[in-house]
Structures are given as C-alpha cells and as structure tokens.
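*Asks:* What follows is coords19.tsv, TSV, C-alpha atoms.
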```tsv
chain	number	residue	atom	x	y	z
A	262	MET	CA	19.17	-74.32	-41.86
A	263	LYS	CA	19.63	-70.61	-42.40
A	264	ILE	CA	16.39	-68.85	-43.30
A	265	LEU	CA	15.76	-65.22	-44.21
A	266	VAL	CA	12.42	-63.91	-42.92
A	267	THR	CA	11.35	-60.50	-44.18
A	268	GLY	CA	8.87	-58.63	-42.02
A	269	SER	CA	10.36	-60.31	-38.94
A	270	ALA	CA	9.01	-57.59	-36.62
A	271	GLY	CA	5.49	-58.04	-37.98
A	272	PHE	CA	2.69	-60.10	-36.49
A	273	ILE	CA	3.12	-63.28	-38.54
A	274	GLY	CA	6.83	-62.71	-39.17
A	275	ALA	CA	7.76	-62.52	-35.50
A	276	ALA	CA	5.65	-65.57	-34.61
A	277	LEU	CA	7.17	-67.58	-37.46
A	278	THR	CA	10.71	-66.49	-36.61
A	279	LEU	CA	10.24	-67.52	-32.99
A	280	ARG	CA	9.03	-70.95	-34.08
A	281	LEU	CA	12.01	-71.43	-36.43
A	282	LEU	CA	14.48	-70.36	-33.76
A	283	GLU	CA	12.90	-72.72	-31.24
A	284	ARG	CA	13.36	-75.67	-33.58
A	285	GLY	CA	17.03	-74.83	-34.13
A	286	ASP	CA	17.16	-72.88	-37.38
A	287	GLU	CA	19.30	-69.79	-37.89
A	288	VAL	CA	17.14	-66.82	-38.87
A	289	VAL	CA	18.10	-63.55	-40.50
A	290	GLY	CA	15.27	-61.13	-39.75
A	291	TYR	CA	14.82	-58.32	-42.28
A	292	ASP	CA	12.47	-55.46	-41.34
A	293	ASN	CA	12.29	-51.69	-41.74
A	294	LEU	CA	10.14	-51.05	-38.61
A	295	ASN	CA	7.94	-48.63	-40.54
A	296	GLU	CA	5.37	-46.51	-38.72
A	297	TYR	CA	2.22	-47.96	-40.30
A	298	TYR	CA	1.34	-48.98	-36.73
A	299	ASP	CA	2.90	-48.82	-33.24
A	300	VAL	CA	6.67	-49.27	-33.59
A	301	ASN	CA	6.96	-50.05	-29.87
A	302	LEU	CA	4.89	-53.18	-30.40
A	303	LYS	CA	7.23	-54.22	-33.21
A	304	ARG	CA	10.24	-53.63	-30.96
A	305	ALA	CA	8.63	-55.73	-28.23
A	306	ARG	CA	8.18	-58.58	-30.69
A	307	LEU	CA	11.80	-58.26	-31.76
A	308	ALA	CA	12.99	-58.32	-28.15
A	309	ARG	CA	11.67	-61.89	-27.86
A	310	LEU	CA	13.73	-62.90	-30.90
A	311	GLN	CA	16.90	-61.10	-29.87
A	312	ALA	CA	17.24	-63.46	-26.90
A	313	TYR	CA	18.34	-66.17	-29.37
A	314	PRO	CA	21.99	-66.13	-30.48
A	315	SER	CA	20.91	-67.72	-33.78
A	316	PHE	CA	18.89	-64.61	-34.68
A	317	THR	CA	20.46	-61.84	-36.80
A	318	GLU	CA	18.64	-58.57	-37.37
A	319	VAL	CA	18.86	-56.42	-40.51
A	320	ARG	CA	17.05	-53.07	-40.42
A	321	ALA	CA	16.24	-52.04	-44.00
A	322	HIS	CA	13.56	-51.66	-46.68
A	323	LEU	CA	13.01	-54.23	-49.42
A	324	GLU	CA	13.15	-51.29	-51.83
A	325	ASP	CA	16.78	-50.78	-50.74
A	326	ARG	CA	18.24	-53.06	-53.39
A	327	ALA	CA	21.88	-52.59	-52.37
A	328	THR	CA	21.27	-53.56	-48.74
A	329	LEU	CA	19.11	-56.51	-49.74
A	330	ILE	CA	21.77	-57.86	-52.11
A	331	GLU	CA	24.46	-57.32	-49.45
A	332	THR	CA	22.34	-59.24	-46.94
A	333	PHE	CA	22.00	-62.22	-49.28
A	334	ALA	CA	25.71	-62.15	-50.14
A	335	GLN	CA	26.75	-62.03	-46.49
A	336	HIS	CA	24.32	-64.56	-45.02
A	337	GLN	CA	23.57	-66.89	-47.97
A	338	PRO	CA	20.13	-68.04	-46.76
A	339	ARG	CA	18.99	-71.42	-48.05
A	340	ARG	CA	15.32	-70.53	-47.89
A	341	VAL	CA	13.36	-67.29	-47.72
A	342	VAL	CA	9.95	-66.36	-46.30
A	343	ASN	CA	8.69	-62.98	-47.51
A	344	LEU	CA	6.17	-61.49	-45.07
A	345	ALA	CA	7.26	-57.87	-45.52
A	346	ALA	CA	4.64	-55.80	-47.31
A	347	GLN	CA	2.54	-52.72	-47.01
A	348	ALA	CA	-0.60	-54.26	-45.55
A	349	GLY	CA	-4.18	-53.07	-45.19
A	350	VAL	CA	-7.04	-52.78	-47.66
A	351	ARG	CA	-8.36	-49.42	-46.45
A	352	TYR	CA	-4.94	-47.76	-46.20
A	353	SER	CA	-4.35	-48.54	-49.89
A	354	LEU	CA	-7.16	-46.16	-50.81
A	355	GLN	CA	-5.24	-43.20	-49.35
A	356	ASN	CA	-1.61	-44.24	-49.89
A	357	PRO	CA	-1.31	-46.21	-53.14
A	358	HIS	CA	2.38	-45.42	-53.71
A	359	ALA	CA	3.37	-47.19	-50.47
A	360	TYR	CA	1.99	-50.41	-51.95
A	361	VAL	CA	3.83	-50.01	-55.24
A	362	ASP	CA	7.13	-49.34	-53.46
A	363	SER	CA	6.97	-52.19	-50.97
A	364	ASN	CA	4.81	-54.82	-52.63
A	365	LEU	CA	6.00	-54.46	-56.23
A	366	VAL	CA	9.46	-52.88	-56.27
A	367	GLY	CA	10.46	-54.61	-53.04
A	368	PHE	CA	9.20	-57.98	-54.25
A	369	VAL	CA	11.05	-57.91	-57.57
A	370	ASN	CA	14.23	-57.00	-55.65
A	371	LEU	CA	13.67	-60.06	-53.49
A	372	LEU	CA	13.06	-62.32	-56.50
A	373	GLU	CA	16.29	-61.13	-58.08
A	374	ALA	CA	18.22	-61.71	-54.87
A	375	CYS	CA	16.81	-65.24	-54.56
A	376	ARG	CA	17.61	-65.97	-58.20
A	377	HIS	CA	21.22	-64.86	-58.00
A	378	HIS	CA	22.01	-66.50	-54.66
A	379	GLY	CA	20.73	-70.01	-55.26
A	380	VAL	CA	17.81	-69.94	-52.80
A	381	GLU	CA	16.18	-73.38	-52.52
A	382	HIS	CA	12.65	-72.15	-51.86
A	383	LEU	CA	10.87	-68.80	-51.63
A	384	VAL	CA	7.62	-68.76	-49.64
A	385	TYR	CA	5.74	-65.47	-49.82
A	386	ALA	CA	2.59	-63.92	-48.39
A	387	SER	CA	-0.37	-63.37	-50.64
A	388	THR	CA	-3.85	-62.64	-49.31
A	389	SER	CA	-7.47	-63.73	-49.40
A	390	SER	CA	-8.16	-60.22	-50.75
A	391	VAL	CA	-7.09	-61.42	-54.24
A	392	TYR	CA	-10.50	-63.11	-54.55
A	393	GLY	CA	-12.03	-59.63	-54.83
A	394	ALA	CA	-15.36	-59.77	-56.64
A	395	ASN	CA	-15.50	-63.60	-56.55
A	396	THR	CA	-18.64	-64.87	-54.82
A	397	ARG	CA	-18.43	-68.66	-55.21
A	398	MET	CA	-17.66	-70.18	-51.80
A	399	PRO	CA	-15.40	-71.52	-50.51
A	400	PHE	CA	-12.67	-69.60	-52.30
A	401	SER	CA	-10.46	-72.02	-54.25
A	402	VAL	CA	-6.89	-71.48	-55.45
A	403	HIS	CA	-8.00	-73.12	-58.69
A	404	ASP	CA	-10.44	-70.28	-59.42
A	405	ASN	CA	-9.70	-67.23	-61.54
A	406	VAL	CA	-8.87	-64.13	-59.46
A	407	ASP	CA	-8.73	-61.35	-62.03
A	408	HIS	CA	-11.14	-58.91	-60.35
A	409	PRO	CA	-9.47	-57.35	-57.28
A	410	VAL	CA	-11.38	-54.59	-55.49
A	411	SER	CA	-8.42	-52.85	-53.81
A	412	LEU	CA	-4.92	-51.86	-54.87
A	413	TYR	CA	-3.56	-53.96	-51.98
A	414	ALA	CA	-5.19	-57.04	-53.51
A	415	ALA	CA	-3.92	-56.10	-56.98
A	416	THR	CA	-0.31	-55.87	-55.76
A	417	LYS	CA	-0.59	-59.30	-54.11
A	418	LYS	CA	-2.03	-60.83	-57.27
A	419	ALA	CA	0.89	-59.23	-59.11
A	420	ASN	CA	3.29	-60.94	-56.66
A	421	GLU	CA	1.81	-64.31	-57.62
A	422	LEU	CA	2.34	-63.56	-61.31
A	423	MET	CA	5.88	-62.28	-60.75
A	424	ALA	CA	6.77	-65.37	-58.71
A	425	HIS	CA	5.50	-67.64	-61.47
A	426	THR	CA	7.65	-65.84	-64.00
A	427	TYR	CA	10.78	-66.47	-61.91
A	428	SER	CA	9.80	-70.09	-61.32
A	429	HIS	CA	9.32	-70.55	-65.07
A	430	LEU	CA	12.39	-68.66	-66.31
A	431	TYR	CA	14.94	-69.54	-63.66
A	432	GLY	CA	13.61	-72.66	-61.93
A	433	LEU	CA	13.23	-70.80	-58.63
A	434	PRO	CA	10.80	-72.80	-56.46
A	435	THR	CA	8.13	-70.42	-55.13
A	436	THR	CA	5.06	-70.97	-52.97
A	437	GLY	CA	2.45	-68.28	-52.35
A	438	LEU	CA	0.18	-68.39	-49.31
A	439	ARG	CA	-3.17	-66.61	-49.39
A	440	PHE	CA	-3.69	-65.70	-45.74
A	441	PHE	CA	-7.22	-65.44	-44.35
A	442	THR	CA	-7.80	-62.92	-41.49
A	443	VAL	CA	-5.07	-63.87	-39.02
A	444	TYR	CA	-5.61	-63.01	-35.34
A	445	GLY	CA	-4.11	-63.76	-31.94
A	446	PRO	CA	-1.59	-62.49	-29.34
A	447	TRP	CA	0.93	-59.89	-30.57
A	448	GLY	CA	-1.47	-59.04	-33.42
A	449	ARG	CA	-1.79	-55.91	-35.54
A	450	PRO	CA	-3.40	-52.85	-33.91
A	451	ASP	CA	-5.20	-51.95	-37.15
A	452	MET	CA	-7.14	-55.23	-37.18
A	453	ALA	CA	-10.70	-55.55	-35.89
A	454	LEU	CA	-9.95	-57.66	-32.80
A	455	PHE	CA	-7.38	-55.14	-31.54
A	456	LEU	CA	-9.58	-52.13	-32.32
A	457	PHE	CA	-12.65	-53.68	-30.71
A	458	THR	CA	-10.81	-54.76	-27.56
A	459	ARG	CA	-9.28	-51.33	-27.02
A	460	ALA	CA	-12.60	-49.54	-27.55
A	461	ILE	CA	-14.69	-51.87	-25.37
A	462	LEU	CA	-12.25	-51.62	-22.46
A	463	ALA	CA	-12.27	-47.82	-22.83
A	464	GLY	CA	-16.08	-47.70	-22.88
A	465	GLU	CA	-16.08	-46.37	-26.44
A	466	PRO	CA	-18.34	-47.50	-29.32
A	467	ILE	CA	-16.99	-49.85	-31.98
A	468	ASP	CA	-17.49	-49.32	-35.72
A	469	VAL	CA	-19.13	-52.43	-37.17
A	470	PHE	CA	-19.06	-52.35	-40.96
A	471	ASN	CA	-21.60	-54.07	-43.20
A	472	TYR	CA	-23.87	-53.98	-40.13
A	473	GLY	CA	-21.91	-56.91	-38.70
A	474	GLN	CA	-22.98	-59.27	-41.47
A	475	HIS	CA	-19.45	-59.88	-42.74
A	476	ARG	CA	-18.28	-63.45	-42.55
A	477	ARG	CA	-14.56	-63.96	-42.14
A	478	ASP	CA	-12.40	-67.07	-42.11
A	479	PHE	CA	-10.66	-66.01	-38.89
A	480	THR	CA	-7.44	-68.02	-38.46
A	481	TYR	CA	-5.43	-68.25	-35.25
A	482	ILE	CA	-1.76	-67.31	-35.44
A	483	ASP	CA	-0.41	-70.67	-34.21
A	484	ASP	CA	-2.34	-72.50	-36.93
A	485	ILE	CA	-0.96	-70.08	-39.51
A	486	VAL	CA	2.64	-70.55	-38.34
A	487	GLU	CA	2.29	-74.34	-38.37
A	488	GLY	CA	1.10	-74.16	-41.97
A	489	VAL	CA	3.90	-71.81	-43.07
A	490	VAL	CA	6.58	-74.05	-41.53
A	491	ARG	CA	5.15	-77.13	-43.24
A	492	VAL	CA	5.09	-75.35	-46.60
A	493	LEU	CA	8.61	-73.99	-46.14
A	494	ASP	CA	9.91	-77.52	-45.51
A	495	GLN	CA	8.29	-78.90	-48.69
A	496	VAL	CA	9.95	-77.26	-51.67
A	497	ALA	CA	7.57	-76.38	-54.50
A	498	ALA	CA	7.76	-78.80	-57.43
A	499	PRO	CA	6.35	-78.80	-60.97
A	500	ASN	CA	2.95	-80.36	-61.61
A	501	PRO	CA	3.60	-83.04	-64.27
A	502	ASP	CA	-0.10	-83.09	-65.19
A	503	TRP	CA	-0.38	-79.35	-65.79
A	504	SER	CA	-1.87	-78.46	-69.18
A	505	GLY	CA	-1.95	-75.16	-71.01
A	506	ASP	CA	-5.24	-76.22	-72.59
A	507	THR	CA	-6.94	-76.28	-69.16
A	508	PRO	CA	-4.50	-74.26	-67.02
A	509	ASP	CA	-4.66	-74.67	-63.25
A	510	SER	CA	-3.84	-71.32	-61.64
A	511	ALA	CA	-2.51	-72.94	-58.43
A	512	THR	CA	0.20	-75.07	-60.05
A	513	SER	CA	2.43	-75.05	-63.11
A	514	ARG	CA	4.97	-76.93	-65.18
A	515	ALA	CA	7.36	-74.71	-63.25
A	516	PRO	CA	8.18	-75.29	-59.53
A	517	TYR	CA	5.29	-73.08	-58.40
A	518	ARG	CA	2.47	-73.51	-55.90
A	519	LEU	CA	-0.37	-71.42	-54.46
A	520	TYR	CA	-2.31	-72.33	-51.32
A	521	ASN	CA	-5.08	-70.88	-49.22
A	522	ILE	CA	-4.18	-70.86	-45.53
A	523	GLY	CA	-7.23	-70.34	-43.34
A	524	SER	CA	-9.41	-72.04	-40.77
A	525	HIS	CA	-12.06	-73.29	-43.26
A	526	ARG	CA	-14.65	-72.11	-40.70
A	527	PRO	CA	-16.13	-68.68	-41.61
A	528	VAL	CA	-17.69	-66.80	-38.69
A	529	GLU	CA	-20.11	-63.86	-38.83
A	530	LEU	CA	-18.60	-60.67	-37.43
A	531	LEU	CA	-21.45	-60.28	-34.92
A	532	ARG	CA	-20.63	-63.72	-33.47
A	533	TYR	CA	-16.94	-62.75	-33.31
A	534	ILE	CA	-17.92	-59.65	-31.30
A	535	GLU	CA	-20.11	-61.72	-28.98
A	536	VAL	CA	-17.21	-64.04	-28.14
A	537	LEU	CA	-14.98	-61.03	-27.48
A	538	GLU	CA	-17.61	-59.52	-25.17
A	539	ASP	CA	-17.77	-62.79	-23.23
A	540	CYS	CA	-13.97	-62.88	-22.84
A	541	LEU	CA	-13.83	-59.23	-21.73
A	542	GLY	CA	-16.89	-59.45	-19.49
A	543	ARG	CA	-18.27	-56.29	-21.09
A	544	LYS	CA	-20.79	-55.43	-23.76
A	545	ALA	CA	-19.88	-53.28	-26.74
A	546	THR	CA	-21.77	-50.24	-27.95
A	547	ARG	CA	-22.05	-50.96	-31.66
A	548	ASN	CA	-21.98	-48.28	-34.32
A	549	LEU	CA	-23.49	-50.15	-37.28
A	550	LEU	CA	-22.20	-48.88	-40.63
A	551	PRO	CA	-22.43	-49.87	-44.33
A	552	MET	CA	-19.67	-51.86	-46.01
A	553	GLN	CA	-16.51	-49.87	-46.72
A	554	LEU	CA	-15.03	-49.32	-50.16
A	555	GLY	CA	-12.56	-52.09	-51.00
A	556	ASP	CA	-14.10	-54.62	-48.60
A	557	VAL	CA	-15.80	-57.89	-49.52
A	558	PRO	CA	-18.78	-59.34	-47.63
A	559	ASP	CA	-17.43	-62.85	-47.02
A	560	THR	CA	-14.23	-64.90	-47.04
A	561	TYR	CA	-14.10	-68.69	-46.81
A	562	ALA	CA	-10.95	-70.70	-47.51
A	563	ASP	CA	-10.88	-73.99	-49.34
A	564	VAL	CA	-7.72	-75.50	-47.76
A	565	GLU	CA	-8.04	-78.95	-49.32
A	566	ALA	CA	-4.78	-78.63	-51.28
A	567	LEU	CA	-2.80	-77.56	-48.21
A	568	VAL	CA	-4.25	-80.41	-46.17
A	569	ALA	CA	-3.41	-82.93	-48.90
A	570	ASP	CA	0.11	-81.68	-49.62
A	571	VAL	CA	1.49	-80.87	-46.15
A	572	GLY	CA	-1.05	-82.22	-43.66
A	573	TYR	CA	-2.24	-78.78	-42.56
A	574	GLN	CA	-4.96	-79.00	-39.88
A	575	PRO	CA	-6.15	-75.71	-38.30
A	576	ALA	CA	-7.37	-76.60	-34.83
A	577	THR	CA	-8.12	-73.42	-32.84
A	578	PRO	CA	-11.77	-72.33	-32.46
A	579	ILE	CA	-12.43	-68.60	-32.11
A	580	GLU	CA	-13.57	-69.05	-28.49
A	581	GLU	CA	-10.11	-70.30	-27.55
A	582	GLY	CA	-8.17	-67.98	-29.84
A	583	ILE	CA	-9.95	-64.80	-28.72
A	584	ALA	CA	-9.54	-65.79	-25.05
A	585	ARG	CA	-5.79	-66.14	-25.58
A	586	PHE	CA	-5.66	-62.76	-27.31
A	587	VAL	CA	-7.56	-61.05	-24.49
A	588	ALA	CA	-5.26	-62.60	-21.87
A	589	TRP	CA	-2.21	-61.34	-23.79
A	590	TYR	CA	-3.75	-57.88	-24.33
A	591	ARG	CA	-4.54	-57.44	-20.64
A	592	GLU	CA	-1.02	-58.42	-19.65
A	593	TYR	CA	0.81	-56.44	-22.33
A	594	TYR	CA	-1.19	-53.23	-21.88
A	595	ARG	CA	-1.92	-53.77	-18.18
A	596	ALA	CA	-5.57	-53.33	-19.07
```
Show me this structure written as structure tokens.
*Replies:*
Amino acid sequence: MKILVTGSAGFIGAALTLRLLERGDEVVGYDNLNEYYDVNLKRARLARLQAYPSFTEVRAHLEDRATLIETFAQHQPRRVVNLAAQAGVRYSLQNPHAYVDSNLVGFVNLLEACRHHGVEHLVYASTSSVYGANTRMPFSVHDNVDHPVSLYAATKKANELMAHTYSHLYGLPTTGLRFFTVYGPWGRPDMALFLFTRAILAGEPIDVFNYGQHRRDFTYIDDIVEGVVRVLDQVAAPNPDWSGDTPDSATSRAPYRLYNIGSHRPVELLRYIEVLEDCLGRKATRNLLPMQLGDVPDTYADVEALVADVGYQPATPIEEGIARFVAWYREYYRA
C-alpha cells in the first residue's frame, strides 16, 4: 500500500521506511532535514531509501500546511506514520517554541490532512517522557499521565489528546506509540550511546548524569520497527467495553489506541556504559553529575497490551544491540 512517513530522514523514520520498502510498500517520505543534529547523517540515511523506485521524497515542514495538504492530495496515502517532531528533553528547556511549532501546530495540520483525505490509520510517535513524575513501575498505558516534567513531554501528551479528539469526532483511527529510549545503528548523535562512543574513542570524559543510577528501558531499533509495522497493519478499533465511569486512558469508544513500545528490560546506565566499554575495548573516564532538570530517574515499559494485540516480542539484549551499533559507528565514521 502507499504509506506516508513523516520524519523519514530521522533515526526511527528511516529504519521504518526501509523496512516498508523492502516488503513492497510505496512510501512517501516527508522530512524538513532540520539542523537539530548532523544533516549529513540524515542525508546518508535518505541515500539508502532513494535507491528504491517506490520511494518518493518531500522536503518540507509539517507547519507548512499548504505543502502538507498538496502532498496528501497528490499522493493519497492510505496510512500515515508520524515520526516527525522536535525531539529532546533538554533542548526543550532552551527552545520551547520549536516544540510548539513542530509538535503542536504540525500535528494538528497532519490530523486535518488525514481527516480530509480518508486515511485508514494514523500511527504517531509519543514518548515514555509523558510518564513524567509517575513512579509506579512498570509504566502502564492505563495509568494517568498528567504530570509531565518537560515541555517536550507535554507536547507529546497533547498529541495523544488531539488524536483522541479526531478519533472521536471524525472516526479517524489513531494509534499512539510511547517509545522507550531507542538505540542502534544510524542513531541520533544527541543520544547517550552516540555521545559516549564518540568521547571514549577520542579519549575524552563522558558526562554521566544522576551518577549513573538512571535505569532506562533501552530498546533496539529493529525491535521498535517490528512493533511499528505490526501496529500499522492493525487498524485501531473502538473498545466496546470502554466506560466513562471508569475510563481507560489507553482505549476509547472511538477508534483510538495507546501502546508502550519498549524492551520491558530496564538497565542501569552504569551497566550500559560497561557493555559499551567492552565493545570498544576501552574504559571511559566518567564525569559523575547530578540529575538534569527535566529528566526522570527510571523508565520501565509495561508492553503487555502490545504483546497481546499484535504479538510484539522485543528480542535484542543490550550486549548484542550495542555491539551492532559500535560496528556501524566504526565503519561509518572510520573510527
């Protein structure tokens, strides 16, 4: 089928697009190639996609409503995966307007385009950051998430609410995926694994926040892509047992679903660093620092609903995933 993927030059977007192209789908990739991180890396990801004749590239912002509507009118995608967003918890502390423009204005433009062009299913990226001040583990999509601790998280929670409104008012099937710390080859340079690898190979110290006592539900990119494809293929449907007296936040009477997508295996940051050191054959000099504003100490995904509904089974341990990342990094950067 024809699928529109926004953020197609991004880490998850490019990996997902490649998977869809390999299975025979037509993909329209929509990306603005912004300079939040290395544009050359984004271009290198795109180069892998451009080898497929069934890939069409559109270079534009989601905030550009006219171009977005023109893209839908011209290509008529059956399904849409929205992975375009201004990412990063820490960056949102310094540049809040970038998050409003991309994650709020851009998302409502996308919802309107899906509504008016008969899209069968919209799958969109949310984030584990929406759990904010929650401390009950593992994080469940059935829990209340009304206490975000960063503007990034607040905009993603807003996306979930906006999507529900369109599912309720217009019958647009929407599924939100709360991603948990995705890592792997072709990853984002602003993420810890990338930053640590670069610094260790250069003989520089690494900044280890919360004194390394963070626990993160690190999830390998191939497991993430497998989950996204399975969700995309199963159109969101109403929950006939939903009740307004005891409302379930993950489902609705409307065609609306929310899922966690993670490994369900939280790992302490210090252990993550140890595995990286083993793969690199070098020890890191660690600059231990307190927790940063906007961060949370732990993330841990309850993926029971995703397992039950689409058979999702994350299978990559960090030892294997980090080794694959290091092999890619050495080859790509000739390090």
*Asks:* Between A:Glu296, A:Asp478, A:Asp362, A:Glu421, single out the one closest to Ala511 of chain A, counting all atoms listed in the file.
*Replies:* A:Glu421
*Asks:* For a quick check of understanding, using only C-alpha atoms, which of A:Pro516, A:Gly572, A:Gly268, A:Pro508 has the smallest distance to Asp404 of chain A?
*Replies:* A:Pro508
*Asks:* Between A:Ala415, A:Ala374, A:Ile485, A:Ala308, which has the minimum distance to Ala327 of chain A (counting all atoms listed in the file)?
*Replies:* A:Ala374
*Asks:* Need the shell around Asn548 of chain A: protein/DNA/RNA residues with any atom at most 6 Å away, counting only C-alpha atoms. Skip same-chain ones fewer than 2 positions apart. Format as a short mmCIF file (atom, residue, chain, number, x, y, z; two decimals) with C-alpha atoms, keeping the file's coordinate frame?
*Replies:*
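Written file, out-v2.cif:
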```cif
data_model
loop_
_atom_site.label_atom_id
_atom_site.label_comp_id
_atom_site.auth_asym_id
_atom_site.auth_seq_id
_atom_site.Cartn_x
_atom_site.Cartn_y
_atom_site.Cartn_z
CA ILE A 467 -16.99 -49.85 -31.98
CA ASP A 468 -17.49 -49.32 -35.72
CA VAL A 469 -19.13 -52.43 -37.17
#
```
*Asks:* Which distance in Å separates atom CA of Thr278 of chain A and atom CA of Asp292 of chain A, to one decimal?
*Replies:*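 Taking atom CA of Thr278 of chain A as the start and atom CA of Asp292 of chain A as the end point, the length is 12.1 Å.
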*Asks:* Per residue of segment 323-370 of chain A within 12 Å of segment 389-403 of chain A, what are the shortest atom pair and its distance in Å to one decimal, counting all atoms listed in the file, with rows by chain and residue number, as a tab-separated table?
*Replies:*
```
residue	atom	partner	partner_atom	distance
A:Ala348	CA	A:Ser390	CA	10.9
A:Gly349	CA	A:Ser390	CA	9.9
A:Val350	CA	A:Ser390	CA	8.1
A:Arg351	CA	A:Ser390	CA	11.6
```
*Asks:* Find the residues around Glu331 of chain A up to 12 Å (all atoms listed in the file counted), leave out those fewer than 2 positions away in its own chain, and share them as a short mmCIF file (atom, residue, chain, number, x, y, z; two decimals) with C-alpha atoms, in the frame of the given file.
*Replies:*
```cif
data_model
loop_
_atom_site.label_atom_id
_atom_site.label_comp_id
_atom_site.auth_asym_id
_atom_site.auth_seq_id
_atom_site.Cartn_x
_atom_site.Cartn_y
_atom_site.Cartn_z
CA VAL A 319 18.86 -56.42 -40.51
CA ALA A 321 16.24 -52.04 -44.00
CA LEU A 323 13.01 -54.23 -49.42
CA ASP A 325 16.78 -50.78 -50.74
CA ARG A 326 18.24 -53.06 -53.39
CA ALA A 327 21.88 -52.59 -52.37
CA THR A 328 21.27 -53.56 -48.74
CA LEU A 329 19.11 -56.51 -49.74
CA PHE A 333 22.00 -62.22 -49.28
CA ALA A 334 25.71 -62.15 -50.14
CA GLN A 335 26.75 -62.03 -46.49
CA HIS A 336 24.32 -64.56 -45.02
CA GLN A 337 23.57 -66.89 -47.97
CA PRO A 338 20.13 -68.04 -46.76
CA ASN A 370 14.23 -57.00 -55.65
CA LEU A 371 13.67 -60.06 -53.49
CA ALA A 374 18.22 -61.71 -54.87
CA HIS A 377 21.22 -64.86 -58.00
CA HIS A 378 22.01 -66.50 -54.66
#
```
*Asks:* Smallest atom-to-atom distance to Arg543 of chain A: which of A:Val443, A:Leu462, A:Met262, A:Leu383, using only C-alpha atoms?
*Replies:* A:Leu462
*Asks:* As an exercise, work out the distance from atom CA of Gln347 of chain A to atom CA of Pro578 of chain A in Å and give it to one decimal place.
*Replies:* 28.3 Å
*Asks:* Enter the distance from atom CA of Asp539 of chain A to atom CA of Ala584 of chain A, in Å, rounded to one decimal.
*Replies:*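 Taking atom CA of Asp539 of chain A as the start and atom CA of Ala584 of chain A as the end point, the length is 8.9 Å.
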*Asks:* As a PDB file, in the frame of the given file, please: segment 335-346 of chain A completed to N, CA, C and O atoms.
*Replies:*
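This went into rebuild-v8.pdb:
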```
ATOM      1  N   GLN A 335      26.088 -61.788 -47.784  1.00  0.00           N
ATOM      2  CA  GLN A 335      26.750 -62.030 -46.490  1.00  0.00           C
ATOM      3  C   GLN A 335      26.225 -63.285 -45.802  1.00  0.00           C
ATOM      4  O   GLN A 335      26.997 -64.076 -45.264  1.00  0.00           O
ATOM      5  N   HIS A 336      24.910 -63.487 -45.834  1.00  0.00           N
ATOM      6  CA  HIS A 336      24.320 -64.560 -45.020  1.00  0.00           C
ATOM      7  C   HIS A 336      23.983 -65.826 -45.801  1.00  0.00           C
ATOM      8  O   HIS A 336      23.824 -66.889 -45.185  1.00  0.00           O
ATOM      9  N   GLN A 337      23.840 -65.723 -47.126  1.00  0.00           N
ATOM     10  CA  GLN A 337      23.570 -66.890 -47.970  1.00  0.00           C
ATOM     11  C   GLN A 337      22.435 -67.770 -47.423  1.00  0.00           C
ATOM     12  O   GLN A 337      22.631 -68.957 -47.131  1.00  0.00           O
ATOM     13  N   PRO A 338      21.242 -67.224 -47.271  1.00  0.00           N
ATOM     14  CA  PRO A 338      20.130 -68.040 -46.760  1.00  0.00           C
ATOM     15  C   PRO A 338      19.768 -69.148 -47.739  1.00  0.00           C
ATOM     16  O   PRO A 338      19.787 -68.953 -48.956  1.00  0.00           O
ATOM     17  N   ARG A 339      19.424 -70.311 -47.192  1.00  0.00           N
ATOM     18  CA  ARG A 339      18.990 -71.420 -48.050  1.00  0.00           C
ATOM     19  C   ARG A 339      17.548 -71.253 -48.487  1.00  0.00           C
ATOM     20  O   ARG A 339      17.182 -71.612 -49.600  1.00  0.00           O
ATOM     21  N   ARG A 340      16.734 -70.726 -47.577  1.00  0.00           N
ATOM     22  CA  ARG A 340      15.320 -70.530 -47.890  1.00  0.00           C
ATOM     23  C   ARG A 340      14.895 -69.153 -47.403  1.00  0.00           C
ATOM     24  O   ARG A 340      15.500 -68.602 -46.493  1.00  0.00           O
ATOM     25  N   VAL A 341      13.821 -68.647 -48.005  1.00  0.00           N
ATOM     26  CA  VAL A 341      13.360 -67.290 -47.720  1.00  0.00           C
ATOM     27  C   VAL A 341      11.855 -67.306 -47.524  1.00  0.00           C
ATOM     28  O   VAL A 341      11.130 -67.964 -48.274  1.00  0.00           O
ATOM     29  N   VAL A 342      11.390 -66.583 -46.492  1.00  0.00           N
ATOM     30  CA  VAL A 342       9.950 -66.360 -46.300  1.00  0.00           C
ATOM     31  C   VAL A 342       9.719 -64.847 -46.364  1.00  0.00           C
ATOM     32  O   VAL A 342      10.243 -64.105 -45.526  1.00  0.00           O
ATOM     33  N   ASN A 343       8.948 -64.411 -47.352  1.00  0.00           N
ATOM     34  CA  ASN A 343       8.690 -62.980 -47.510  1.00  0.00           C
ATOM     35  C   ASN A 343       7.336 -62.623 -46.908  1.00  0.00           C
ATOM     36  O   ASN A 343       6.279 -62.915 -47.468  1.00  0.00           O
ATOM     37  N   LEU A 344       7.375 -61.969 -45.743  1.00  0.00           N
ATOM     38  CA  LEU A 344       6.170 -61.490 -45.070  1.00  0.00           C
ATOM     39  C   LEU A 344       6.160 -59.972 -44.981  1.00  0.00           C
ATOM     40  O   LEU A 344       5.241 -59.385 -44.409  1.00  0.00           O
ATOM     41  N   ALA A 345       7.199 -59.332 -45.519  1.00  0.00           N
ATOM     42  CA  ALA A 345       7.260 -57.870 -45.520  1.00  0.00           C
ATOM     43  C   ALA A 345       6.384 -57.340 -46.648  1.00  0.00           C
ATOM     44  O   ALA A 345       6.479 -57.790 -47.790  1.00  0.00           O
ATOM     45  N   ALA A 346       5.517 -56.412 -46.308  1.00  0.00           N
ATOM     46  CA  ALA A 346       4.640 -55.800 -47.310  1.00  0.00           C
ATOM     47  C   ALA A 346       3.945 -54.616 -46.673  1.00  0.00           C
ATOM     48  O   ALA A 346       3.864 -54.518 -45.449  1.00  0.00           O
TER      49      ALA A 346
END
```
